[in-house]
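Before any comments, here is the structure.
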Amino acid sequence: MTLRHMIIFRAVCENGYNSTKAASALHITQPAVSLAIKEIEQYYGVQLFDRIGRRLQITSAGQRFLQYAIHISDLFSDMETGFRDWDSKGIIRIGASITIGSQFLPNYVKSFYEICPEIDVRVTIEQSERLEQKILANELDCALIEGISHNSNIVSEAYMQDYLSVICDTNKGWKDGQNIPIEVFQKQRFLLREKGSGTREVFDRVTTQAGIHIIPVWEAMSTTALINATINGLGISVLPNRMIIPSLKQGLISTVKVQDLIFSRNFYIIYHKDKFLTPSIKQFINLCKEYV
């Protein structure tokens, strides 16, 4: 079993399970691709693909082998790049969820540049679910998300606590800081973040545990859009406290508490359990943990 076998198998999977396309991408012959797959299956005594007609469908064993193939080949690539460009500037690839990316990450990166000016930080800001996918595909070194990852291949380290606030327009009739019954809360029109966001995950977790089923009238990726909709009396929202402070200070919205419901969460740093963390990545992670 060689690295070449893993690269070929990975290429087949990344080219729609098409051996001809994989051969073209690797600049080798199609029979060479088929032979490599056959050698892997014979070596481990497992079937990596079901061959239905002329099409390949990956098996559960193949899915497992693919995870190893991706990380072993990427680890080799990291080593090659690291040693070939030993004297050049390094690069770290950081992901962040939308809330963290807009509120905190710029400060983290600025502080990191002050202590490691030679390192180039590449940033991706997306939904937490998509960031996890990029971590698994080794497209990111680490990511900062608003909820814990439930994937067994991802390490989640809590680094900061955060709270969500229930907000309403000032003409709602609720006083700022008022404690409202849960029965009243669940009858409202809800303006919420989209499924897959860390903020929505916290909201769904807390309400589900309380036995409440909420169907939002608005779902949006933009926190600003939800705040503006709330200001205009279109419903109430539950958003990160730090994101609503400007509107709260301007007197455009009010915050209320809900009896027996606490929307709290931790921010997490995530990375693949098999990821080799370079000193610069470790330094960035430590900076986030210690940042005030």
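Letters for chains follow the order of the structure tokens (A, B, ...), residue numbers begin at 1 for each chain, and ligand numbers begin at 1 in the order shown.
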
Region 155-219 of chain A: residues DSSP assigns to alpha helix (DSSP H), reported as a PyMOL selection string: chain A and resi 182-185+198-209

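Distances to Glu146 (chain A) were evaluated for A:Lys275, A:Arg54, A:Arg200, A:Arg130 using only C-alpha atoms, and the minimum falls at A:Arg200.
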
Those of region 157-222 of chain A in DSSP strand (DSSP E), formatted as a ChimeraX atom specification: /A:157-169,179-180,190-193,218-220

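Summary of the local environment: counting only C-alpha atoms, residues at most 8 Å from Ala11 (chain A), other than itself and those fewer than 3 positions away along its chain, are Ile7, Ile8, Glu14, Asn15, Ala22, Ala25 and Leu26 of chain A.
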
Long-range neighbours of Ile231 (chain A) as a PyMOL selection string, 8 Å cut-off, only C-alpha atoms, 3 positions minimum in chain: chain A and resi 168-170+227-228+234+252-253

Selection file, N, CA, C and O atoms, as a PDB file, in the first residue's frame:
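So the final result, stored in result.pdb, reads:
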ATOM      1  N   CYS A 168     -37.236  42.912  21.039  1.00  0.00           N
ATOM      2  CA  CYS A 168     -38.521  43.298  20.455  1.00  0.00           C
ATOM      3  C   CYS A 168     -38.467  44.786  20.143  1.00  0.00           C
ATOM      4  O   CYS A 168     -37.559  45.498  20.579  1.00  0.00           O
ATOM      5  N   ASP A 169     -39.430  45.277  19.385  1.00  0.00           N
ATOM      6  CA  ASP A 169     -39.470  46.713  19.096  1.00  0.00           C
ATOM      7  C   ASP A 169     -39.976  47.466  20.319  1.00  0.00           C
ATOM      8  O   ASP A 169     -40.652  46.900  21.192  1.00  0.00           O
ATOM      9  N   THR A 170     -39.671  48.727  20.390  1.00  0.00           N
ATOM     10  CA  THR A 170     -39.993  49.523  21.592  1.00  0.00           C
ATOM     11  C   THR A 170     -41.484  49.797  21.732  1.00  0.00           C
ATOM     12  O   THR A 170     -41.937  50.240  22.790  1.00  0.00           O
ATOM     13  N   ILE A 227     -32.489  42.382  12.942  1.00  0.00           N
ATOM     14  CA  ILE A 227     -32.627  43.521  13.862  1.00  0.00           C
ATOM     15  C   ILE A 227     -33.544  44.577  13.259  1.00  0.00           C
ATOM     16  O   ILE A 227     -34.440  45.116  13.931  1.00  0.00           O
ATOM     17  N   ASN A 228     -33.348  44.868  11.970  1.00  0.00           N
ATOM     18  CA  ASN A 228     -34.190  45.870  11.311  1.00  0.00           C
ATOM     19  C   ASN A 228     -35.645  45.419  11.236  1.00  0.00           C
ATOM     20  O   ASN A 228     -36.569  46.235  11.392  1.00  0.00           O
ATOM     21  N   LEU A 234     -42.031  43.577  13.116  1.00  0.00           N
ATOM     22  CA  LEU A 234     -42.455  42.392  12.369  1.00  0.00           C
ATOM     23  C   LEU A 234     -42.387  41.109  13.191  1.00  0.00           C
ATOM     24  O   LEU A 234     -42.811  40.052  12.720  1.00  0.00           O
ATOM     25  N   LEU A 252     -33.657  51.737  19.885  1.00  0.00           N
ATOM     26  CA  LEU A 252     -34.466  51.229  18.786  1.00  0.00           C
ATOM     27  C   LEU A 252     -35.148  49.905  19.124  1.00  0.00           C
ATOM     28  O   LEU A 252     -36.137  49.525  18.501  1.00  0.00           O
ATOM     29  N   ILE A 253     -34.600  49.187  20.088  1.00  0.00           N
ATOM     30  CA  ILE A 253     -35.147  47.892  20.494  1.00  0.00           C
ATOM     31  C   ILE A 253     -35.106  47.778  22.007  1.00  0.00           C
ATOM     32  O   ILE A 253     -34.445  48.563  22.692  1.00  0.00           O
TER      33      ILE A 253
END

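A straight line drawn from CA of Asn153 (chain A) to CA of His272 (chain A) is 5.9 Å long.
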
Exercise: Ile145 (chain A) partners within 6 Å, only C-alpha atoms, chain neighbours under 2 positions left out, as a VMD selection string: chain A and resid 96 to 97 128 147 267 to 268

Each region 198-230 of chain A residue no farther than 9 Å from region 161-165 of chain A, nearest pair in Å, only C-alpha atoms, as a Markdown table:
| residue | atom | partner | partner_atom | distance |
| --- | --- | --- | --- | --- |
| A:Thr199 | CA | A:Leu164 | CA | 7.8 |
| A:Val202 | CA | A:Leu164 | CA | 8.5 |
| A:Phe203 | CA | A:Leu164 | CA | 8.5 |

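Closest approach to Glu194 (chain A) among A:Ile212, A:Ile98, A:Val256, A:Ile245 is made by A:Ile98 (distances from only C-alpha atoms).
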
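Every protein, DNA or RNA residue with an atom at most 12 Å from Tyr68 (chain A), where only C-alpha atoms count and chain neighbours fewer than 6 positions away do not, is listed here: Leu3, His5, Met6, Ile7, Phe9, Arg10, Ala61, Gly62, Asp74, Leu75, Leu136, Ala137, Asn138, Asn153, Lys273, Asp274 and Lys275 of chain A.
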
Selection: 12 Å around Asp141 (chain A), only C-alpha atoms, excl. self and same-chain fewer than 5 positions, as number ranges by chain: A: 74-75, 78, 91-96, 121-124, 131-136, 154-155, 269-282, 284-285

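Here CA of Glu290 (chain A) stands at a distance of 23.7 Å from CA of Glu126 (chain A).
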
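Distance-wise, CA of Arg193 (chain A) and CA of Ala143 (chain A) end up 19.8 Å apart.
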
Among the residues A:Leu192, A:Met221, A:Val166, A:Ile119, the one that comes closest to Asn179 (chain A) [using only C-alpha atoms]: A:Val166

Could I get the residues of region 39-157 of chain A with an atom no further than 9 Å from an atom of region 16-21 of chain A, each paired with its nearest atom pair and that distance in Å to one decimal, using only C-alpha atoms, sorted by chain and residue number, as a Markdown table?
| residue | atom | partner | partner_atom | distance |
| --- | --- | --- | --- | --- |
| A:Phe49 | CA | A:Tyr17 | CA | 8.9 |
| A:Arg55 | CA | A:Asn18 | CA | 7.5 |
| A:Leu56 | CA | A:Tyr17 | CA | 5.7 |
| A:Gln57 | CA | A:Tyr17 | CA | 7.0 |
| A:Ile58 | CA | A:Tyr17 | CA | 7.7 |

Take the selection from the previous step and output its residues with C-alpha atoms, as an mmCIF file, in the first residue's frame.
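Result went into result_22.cif, see below:
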data_model
loop_
_atom_site.group_PDB
_atom_site.id
_atom_site.type_symbol
_atom_site.label_atom_id
_atom_site.label_comp_id
_atom_site.auth_asym_id
_atom_site.auth_seq_id
_atom_site.Cartn_x
_atom_site.Cartn_y
_atom_site.Cartn_z
ATOM 1 C CA PHE A 49 -17.045 0.338 -4.510
ATOM 2 C CA ARG A 55 -21.169 3.202 -12.459
ATOM 3 C CA LEU A 56 -19.292 3.043 -9.167
ATOM 4 C CA GLN A 57 -20.999 3.584 -5.835
ATOM 5 C CA ILE A 58 -18.814 3.932 -2.776
#

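Nearest to Ile182 (chain A) of all the residues A:Pro106, A:Gly211, A:Pro246, A:Gly196 is A:Gly211, based on only C-alpha atoms.
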